[in-house]
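**Q** The structure is given below, and queries will be raised subsequently.
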Amino acid sequence: DAKTTQPNSMESNEEEPVHLPCNHSTISGTDYIHWYRQLPSQGPEYVIHGLTSNVNNRMASLAIAEDRKSSTLILHRATLRDAAVYYCILSGETSGSRLTFGEGTQLTVNP
Amino acid sequence: KAGVTQTPRYLIKTRGQQVTLSCSPISGHRSVSWYQQTPGQGLQFLFEYFSETQRNKGNFPGRFSGRQFSNSRSEMNVSTLELGDSALYLCASSPRTGLYEQYFGPGTRLTVT
């Protein structure tokens with residue numbers, strides 16, 4: 001599986017936008033970019049995924065670089081509930097349903 | 001729609017024993033995957049079942065096994081427990097196998113003494 005690189009931690013203030021970066025320079029043409037997050041004492045939660053175009057849903061936006069070697073998860077207005085570990089994961093045809101989690105980014109949201 | 005449920009939520013076992021964990025996927029979901037989460041190794045994929053067949057397997061010893069029933073419910077079994085098997089075991093369900101979003105349960109916290 002192609003590897004992703006994320007900062008260990010990031011901090012944000014409540015009600016401000018948050019941009020969580022992910023580098024994946026070895027991504028293949030058929031790899032999807034997935035984002036999951038894990039709140040304390042809970043299982044991971046699906047956030048968003050995309051292939052080439054930017055994607056939006058009710059939780060977040062995913063901005064994918066034109067060369068697909070990096071992507072950014074955007075939380076438009078951070079809330080205290082968004083404090084979690086965010087995982088950027090690549091998944092392709094050979095990995096199927098298998099998700100390979102890295103260490104993720106610990107997001108702290110300050111009131 | 002009810003989410004993924006896992007039972008039991010907490011379990012304490014002694015080294016050498018075996019344990020069975022259960023997972024009920026979201027209604028209509030036919031793919032169930034299992035993950036192990038520890039502080040040292042993070043989240044690691046164990047295996048995936050779809051239509052009662054194992055479709056994918058992670059790098060775990062044969063002591064870890066699973067199965068899926070016709071109603072898509074799944075069980076995983078760990079035999080001859082070791083102290084290092086202490087972990088949070090998470091189950092995730094998906095409508096089909098492949099590149100689909102997965103929905104995780106709350107996990108079963110297993111402690112081996």
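Just so we're on the same page: first chain in the structure tokens is A, next is B, and so on; residues restart at 1 for each chain, and ligands are numbered from 1 in the order they show up.
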For A:Asn56, find every residue with an atom within 12 Å (counting only C-alpha atoms), except residues of its own chain fewer than 6 positions away, and show them as number ranges by chain.

**A** A: 47-50, 62-64, 72-76

**Q** Let's have the selection written as a PDB file, in the first residue's frame, with N, CA, C and O atoms.

**A**
```pdb
ATOM      1  N   VAL A  47     -15.095  10.067   7.276  1.00  0.00           N
ATOM      2  CA  VAL A  47     -15.283  11.503   7.073  1.00  0.00           C
ATOM      3  C   VAL A  47     -15.592  11.798   5.605  1.00  0.00           C
ATOM      4  O   VAL A  47     -16.629  12.365   5.271  1.00  0.00           O
ATOM      5  N   ILE A  48     -14.698  11.388   4.711  1.00  0.00           N
ATOM      6  CA  ILE A  48     -14.852  11.735   3.304  1.00  0.00           C
ATOM      7  C   ILE A  48     -13.861  10.926   2.487  1.00  0.00           C
ATOM      8  O   ILE A  48     -12.880  10.400   3.039  1.00  0.00           O
ATOM      9  N   HIS A  49     -14.094  10.785   1.192  1.00  0.00           N
ATOM     10  CA  HIS A  49     -13.098  10.182   0.325  1.00  0.00           C
ATOM     11  C   HIS A  49     -13.233  10.748  -1.085  1.00  0.00           C
ATOM     12  O   HIS A  49     -14.282  11.286  -1.457  1.00  0.00           O
ATOM     13  N   GLY A  50     -12.149  10.632  -1.860  1.00  0.00           N
ATOM     14  CA  GLY A  50     -12.165  11.138  -3.219  1.00  0.00           C
ATOM     15  C   GLY A  50     -11.082  10.492  -4.053  1.00  0.00           C
ATOM     16  O   GLY A  50     -10.191   9.829  -3.538  1.00  0.00           O
ATOM     17  N   LEU A  62     -12.706  17.900   0.885  1.00  0.00           N
ATOM     18  CA  LEU A  62     -11.433  17.283   0.559  1.00  0.00           C
ATOM     19  C   LEU A  62     -10.892  17.951  -0.687  1.00  0.00           C
ATOM     20  O   LEU A  62     -11.541  17.923  -1.742  1.00  0.00           O
ATOM     21  N   ALA A  63      -9.720  18.569  -0.532  1.00  0.00           N
ATOM     22  CA  ALA A  63      -9.065  19.219  -1.659  1.00  0.00           C
ATOM     23  C   ALA A  63      -7.892  18.344  -2.084  1.00  0.00           C
ATOM     24  O   ALA A  63      -7.013  18.035  -1.273  1.00  0.00           O
ATOM     25  N   ILE A  64      -7.883  17.941  -3.348  1.00  0.00           N
ATOM     26  CA  ILE A  64      -6.854  17.037  -3.867  1.00  0.00           C
ATOM     27  C   ILE A  64      -5.984  17.808  -4.852  1.00  0.00           C
ATOM     28  O   ILE A  64      -6.509  18.445  -5.779  1.00  0.00           O
ATOM     29  N   THR A  72      -5.791  17.771   1.226  1.00  0.00           N
ATOM     30  CA  THR A  72      -6.066  18.524   2.447  1.00  0.00           C
ATOM     31  C   THR A  72      -7.507  18.313   2.863  1.00  0.00           C
ATOM     32  O   THR A  72      -8.419  18.475   2.040  1.00  0.00           O
ATOM     33  N   LEU A  73      -7.692  17.927   4.111  1.00  0.00           N
ATOM     34  CA  LEU A  73      -9.039  17.833   4.672  1.00  0.00           C
ATOM     35  C   LEU A  73      -9.365  19.176   5.298  1.00  0.00           C
ATOM     36  O   LEU A  73      -8.581  19.703   6.090  1.00  0.00           O
ATOM     37  N   ILE A  74     -10.504  19.720   4.943  1.00  0.00           N
ATOM     38  CA  ILE A  74     -10.885  21.036   5.436  1.00  0.00           C
ATOM     39  C   ILE A  74     -12.141  20.917   6.296  1.00  0.00           C
ATOM     40  O   ILE A  74     -13.182  20.446   5.821  1.00  0.00           O
ATOM     41  N   LEU A  75     -12.005  21.326   7.552  1.00  0.00           N
ATOM     42  CA  LEU A  75     -13.161  21.469   8.426  1.00  0.00           C
ATOM     43  C   LEU A  75     -13.482  22.950   8.426  1.00  0.00           C
ATOM     44  O   LEU A  75     -12.660  23.771   8.840  1.00  0.00           O
ATOM     45  N   HIS A  76     -14.656  23.322   7.983  1.00  0.00           N
ATOM     46  CA  HIS A  76     -14.941  24.734   7.725  1.00  0.00           C
ATOM     47  C   HIS A  76     -15.072  25.569   8.996  1.00  0.00           C
ATOM     48  O   HIS A  76     -14.653  26.717   9.029  1.00  0.00           O
TER      49      HIS A  76
END
```

**Q** Pick out the chain A residues within 9 Å of chain B. Count only C-alpha atoms. Give them as number ranges by chain.

**A** A: 32, 34, 41-49, 91-103

**Q** Which value, in Å to one decimal, gives the distance between atom CA of A:Asn110 and atom CA of A:Ser9?

**A**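 Distance reported for this atom pair: 13.4 Å.
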
**Q** Please compute the atom CA of B:Phe50-atom CA of A:Tyr86 distance, one decimal, in Å.

**A**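 Answer for the atom CA of B:Phe50 to atom CA of A:Tyr86 separation: 27.0 Å.
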
**Q** Tell me which protein, DNA and RNA residues are within 7 Å of B:Thr5, counting only C-alpha atoms, leaving out same-chain ones fewer than 4 positions away, and put them as a PyMOL selection string.

**A** chain B and resi 23-25+105

**Q** Could you take the residues named above and write them with C-alpha atoms, as a PDB file, in the first residue's frame?

**A**
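Output file part.pdb follows:
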```pdb
ATOM      1  CA  CYS B  23     -20.094  -8.184  15.618  1.00  0.00           C
ATOM      2  CA  SER B  24     -23.503  -7.337  14.153  1.00  0.00           C
ATOM      3  CA  PRO B  25     -23.198  -5.135  11.060  1.00  0.00           C
ATOM      4  CA  GLY B 105     -18.513  -0.268  16.006  1.00  0.00           C
TER       5      GLY B 105
END
```

**Q** How far is it from atom CA of B:Arg9 to atom CA of A:Thr105, in Å with one decimal?

**A**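 Value for the atom CA of B:Arg9-atom CA of A:Thr105 distance: 26.4 Å.
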
**Q** If you run DSSP on the backbone here, which positions in chain A get strand (DSSP E)? Please write them as number ranges by chain.

**A** A: 9-13, 18-23, 32-38, 45-50, 55-56, 61-64, 70-75, 84-91, 105-110

**Q** Got a sec: who's within 9 Å of A:Glu11, counting only C-alpha atoms, leaving out chain neighbours fewer than 6 positions off, as number ranges by chain?

**A** A: 18, 106-110
